[in-house]
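Colleague: This is the structure I have questions about; it appears just below.
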Amino acid sequence: MTAFNHWQPWQTGQHGNDEIWVQSRTLQNRYGMAMHGALLCSGRHQPRFTGDAGHPEVEYTLNLAERRPVTITKLVAVHTTRDTDQPLITAQHTLAAARQKGYDRLYKEHCRAWEKVWELSDVEIEGDEFSQQAIRFSIYHVLIAAPQHDEQANIGAKTLSGPGYRGHAFWDTELFMVPLLTATQPKLSHNLMMYRYHRLAGARAKAVAEGYQGAMFPWESDDTGEEVTPKWTPPDSKGKRIRIWTGDLEQHVTSDIAYAMMQYWRWTRDDEFMRQHGAEVILDGASFWASRAEWKPEQARYEIHHVIGPDEYHEDVNNSVFTNRMARWHLESALEVWDWLASAHPDDARRLVEQLELSEASRQRWQEVIQRLYIPFDTERQIHIQYDGFFDLKPVDVLAFEPRVHSLQSVFSYETTRGLRIIKQADVVMLIALLGEELAPREVLLNNWNTYYPLCDHGSSLSPAVHAWVAARLGFDQLAWELFRHAAGIDLEDNKGNSRDGIHGAACGGLWQAIVFGFAGLRLSENGPILDPRLPAHWQQLRFCVSFHGKTYQITLLQGGGINISKR
Ligand code: IFM
């Protein structure tokens, strides 16, 4: 992964006799950033400013006496033009306030703040130290990357920990990381929902540019809200580049965002968010899908052509079952939200109808697409079909290549893999995770699993945790454990061989879902949350908290079936 410089040349300087500062601006969006730092030393010392332009340094010389400890404390304040017009002066003031408080008080405040966070978001596992470490590692990485006080930032696929994917946000946020936040830190989830709301202009511009209506969110998003997926890979050692089609064709992200918003609303009952913001995103996304579906007179149905589903090994396919089924789900949810608004908040409903140019005709069109959108299904085998022609691909015995670190795409090459029946990540299996028995009766879900699980090479780090979740729900306990173990080692054991590019944020969020939705079987029914635990055989106890309609509940599950729920 090539590192790239997104900073203008740095300005640096010194202040007083122990402080140094740096400031710069980002090259593209001209955000200013300043850091002001102090190195404090309890012993008698002689400071000397060293370093060069861009790297200010302060060096101390001191005489150490035997058994006379000396404490060195480094304090740094950071501000950007996103919080203040004058980041350097503000950083200087913040540093002065921190110096006044002193390390001990700052440290205590820090610990108290983290205790509060862990009280709500921790998952405790008794009987398995590695799983305990892996889930805390994962929760920690999602929490430190989630914007705390900012509705204008998202979480990059590699969080803030590495240069992979240039900090861009994908569906990784909504379907992998947000669920943990919705259930344990809903305020942070709200910030991320608002990030998408504030980027509706970019999504509308993309829909217009592609010839559609409504809001079509970009596959890769940054703070502009425009499509920022690169068109080409960097050249390989022979100078060959590959065209990246996901920015053109991977369109399910619009429904994924709606899904996260509906889940947020159901768990929190934050009606204010839905009235003022969420409904606009969901309804305008529905307008996109209604214009995206094409009527095919010969088949007498709507179809969606030229897309990429979650299985990115196969590009430009027709009727990806994930895309079509989630588009239908999106239209159904939009009608639900519209009906709710019309009865509970008719003024908001009128405002949105006018603003989004909706009408009775739009409702009818949505209903017609819901009823007649093709959901590929093989009635004889009683399975969903991943996309038109999937079963014409050349079969491969994927399991015969185990054990391996690298994806089968890197074994066979990009071009060859396109013609092979290998799936990059949970696709039909992802639909099972999201919709459960709303997708199909259990027998069909089992048929889907038996068909698609053996074809998946988990070439994406997003895959193992979702498979673990679904395997647990379908009763494949040993397999669920093995897939969970795979997911838990993605960064801790670098089992995809690319942790140097940054932490896999979606895999971290996915691990939480594998535990809470998979092993604990937590889901929202019409009457509220329900549990259906299937703990791995060696876990003696599992404990976690969830927040539902503004109240926090602690859930303890015991091996053997015991369940204890207490209000916190
Ligand atoms: O969003 C994912 C995609 O599903 C698989 N490739 C990596 C992306 C970023 O994590």
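We name chains A, B, ... following the order of the structure tokens; residues begin at 1 in each chain, and ligands are numbered from 1 as shown.
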Determine, using only C-alpha atoms and all ligand atoms, which residues of chain A have any atom at most 9 Å from an atom of ligand 1, and tabulate each with its shortest atom pair and distance in Å to one decimal place, rows ordered by chain and then rising number, as CSV.
Modeller:
```
residue,atom,partner,partner_atom_place_in_ligand_line,distance
A:Gly156,CA,ligand 1,9 (C),8.5
A:Ala157,CA,ligand 1,10 (O),4.9
A:Lys158,CA,ligand 1,10 (O),7.2
A:Gly164,CA,ligand 1,9 (C),8.8
A:Tyr165,CA,ligand 1,9 (C),7.1
A:His168,CA,ligand 1,9 (C),8.4
A:Ala169,CA,ligand 1,9 (C),7.8
A:Phe170,CA,ligand 1,1 (O),5.1
A:Trp171,CA,ligand 1,1 (O),5.7
A:Asp172,CA,ligand 1,1 (O),5.3
A:Thr173,CA,ligand 1,1 (O),8.7
A:Trp219,CA,ligand 1,1 (O),8.3
A:Glu220,CA,ligand 1,1 (O),8.3
A:Gly309,CA,ligand 1,4 (O),9.0
A:Pro310,CA,ligand 1,4 (O),5.8
A:Asp311,CA,ligand 1,4 (O),7.7
A:Glu312,CA,ligand 1,5 (C),7.1
A:Lys424,CA,ligand 1,5 (C),8.1
A:Gln425,CA,ligand 1,4 (O),7.5
A:Gly459,CA,ligand 1,5 (C),8.2
A:Ser460,CA,ligand 1,5 (C),5.3
A:Ser461,CA,ligand 1,10 (O),7.3
A:Leu462,CA,ligand 1,4 (O),6.6
A:Ser463,CA,ligand 1,4 (O),8.6
A:His504,CA,ligand 1,10 (O),6.9
A:Gly505,CA,ligand 1,10 (O),7.6
A:Ala506,CA,ligand 1,10 (O),6.6
A:Ala507,CA,ligand 1,10 (O),8.5
```
Colleague: Quick one: everything within 8 Å of Thr12 (chain A), counting only C-alpha atoms, minus sequence neighbours fewer than 2 positions away in the same chain. Send it as an mmCIF file with N, CA, C and O atoms, in the first residue's frame.
Modeller:
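Saved to selection-v1.cif:
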```
data_model
loop_
_atom_site.group_PDB
_atom_site.id
_atom_site.type_symbol
_atom_site.label_atom_id
_atom_site.label_comp_id
_atom_site.auth_asym_id
_atom_site.auth_seq_id
_atom_site.Cartn_x
_atom_site.Cartn_y
_atom_site.Cartn_z
ATOM 1 N N TRP A 10 4.891 21.719 6.380
ATOM 2 C CA TRP A 10 4.589 22.057 7.769
ATOM 3 C C TRP A 10 5.267 23.358 8.195
ATOM 4 O O TRP A 10 6.375 23.653 7.769
ATOM 5 N N GLN A 14 8.686 27.155 18.293
ATOM 6 C CA GLN A 14 8.827 26.887 19.722
ATOM 7 C C GLN A 14 8.150 27.996 20.511
ATOM 8 O O GLN A 14 7.920 29.086 19.991
ATOM 9 N N ILE A 20 6.697 23.161 21.889
ATOM 10 C CA ILE A 20 6.925 23.226 20.443
ATOM 11 C C ILE A 20 5.578 23.096 19.744
ATOM 12 O O ILE A 20 4.613 22.580 20.324
ATOM 13 N N TRP A 21 5.481 23.541 18.505
ATOM 14 C CA TRP A 21 4.216 23.408 17.773
ATOM 15 C C TRP A 21 4.463 23.100 16.297
ATOM 16 O O TRP A 21 5.531 23.386 15.765
ATOM 17 N N VAL A 22 3.444 22.513 15.670
ATOM 18 C CA VAL A 22 3.454 22.321 14.216
ATOM 19 C C VAL A 22 2.076 22.682 13.710
ATOM 20 O O VAL A 22 1.075 22.534 14.418
ATOM 21 N N GLN A 23 2.024 23.190 12.489
ATOM 22 C CA GLN A 23 0.715 23.381 11.867
ATOM 23 C C GLN A 23 0.837 23.190 10.359
ATOM 24 O O GLN A 23 1.898 23.393 9.775
ATOM 25 N N ALA A 53 12.721 21.837 9.895
ATOM 26 C CA ALA A 53 11.406 22.279 9.440
ATOM 27 C C ALA A 53 10.522 21.045 9.294
ATOM 28 O O ALA A 53 10.897 20.084 8.636
ATOM 29 N N GLY A 54 9.390 21.061 9.921
ATOM 30 C CA GLY A 54 8.495 19.899 9.841
ATOM 31 C C GLY A 54 8.632 18.956 11.021
ATOM 32 O O GLY A 54 7.742 18.168 11.286
ATOM 33 N N HIS A 55 9.768 18.992 11.723
ATOM 34 C CA HIS A 55 9.959 18.066 12.856
ATOM 35 C C HIS A 55 10.565 18.809 14.033
ATOM 36 O O HIS A 55 11.757 18.667 14.312
ATOM 37 N N PRO A 56 9.794 19.614 14.717
ATOM 38 C CA PRO A 56 10.376 20.323 15.850
ATOM 39 C C PRO A 56 10.675 19.340 16.980
ATOM 40 O O PRO A 56 9.944 18.374 17.165
#
```
Colleague: Report as a list in words all protein, DNA and RNA residues lying within 6 Å of region 323-331 of chain A, evaluated on only C-alpha atoms, omitting residues in the same chain fewer than 4 positions from it.
Modeller: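 Residues near the query, excluding close chain neighbours: His252, Ser255, Ala286 and Ile370 of chain A.
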Colleague: Report the distance between CA of His384 (chain A) and CA of Gln513 (chain A) in Å, rounded to one decimal place.
Modeller: 23.7 Å
Colleague: Residues of region 85-243 of chain A classed as helix (DSSP H, G or I) by DSSP on the backbone are to be reported as a ChimeraX atom specification.
Modeller: /A:87-101,103-121,129-145,164-167,171-184,186-197,200-210
Colleague: I want to know what sits within 7 Å of Pro533 (chain A), based on only C-alpha atoms, with residues of the same chain fewer than 6 positions away left out; could you give that as a PyMOL selection string?
Modeller: chain A and resi 519-521
Colleague: Using only C-alpha atoms, which residues sit within 10 Å of Ser566 (chain A) once same-chain residues fewer than 6 positions away are excluded, as number ranges by chain?
Modeller: A: 545, 552-556
Colleague: Taking the backbone alone, and naming residues the way the document does, which bits of region 336-490 of chain A are strand (DSSP E) by DSSP, as a list in words?
Modeller: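 Strand (DSSP E) members of region 336-490 of chain A, listed: Phe377, Asp378, Ile383 and His384 of chain A.
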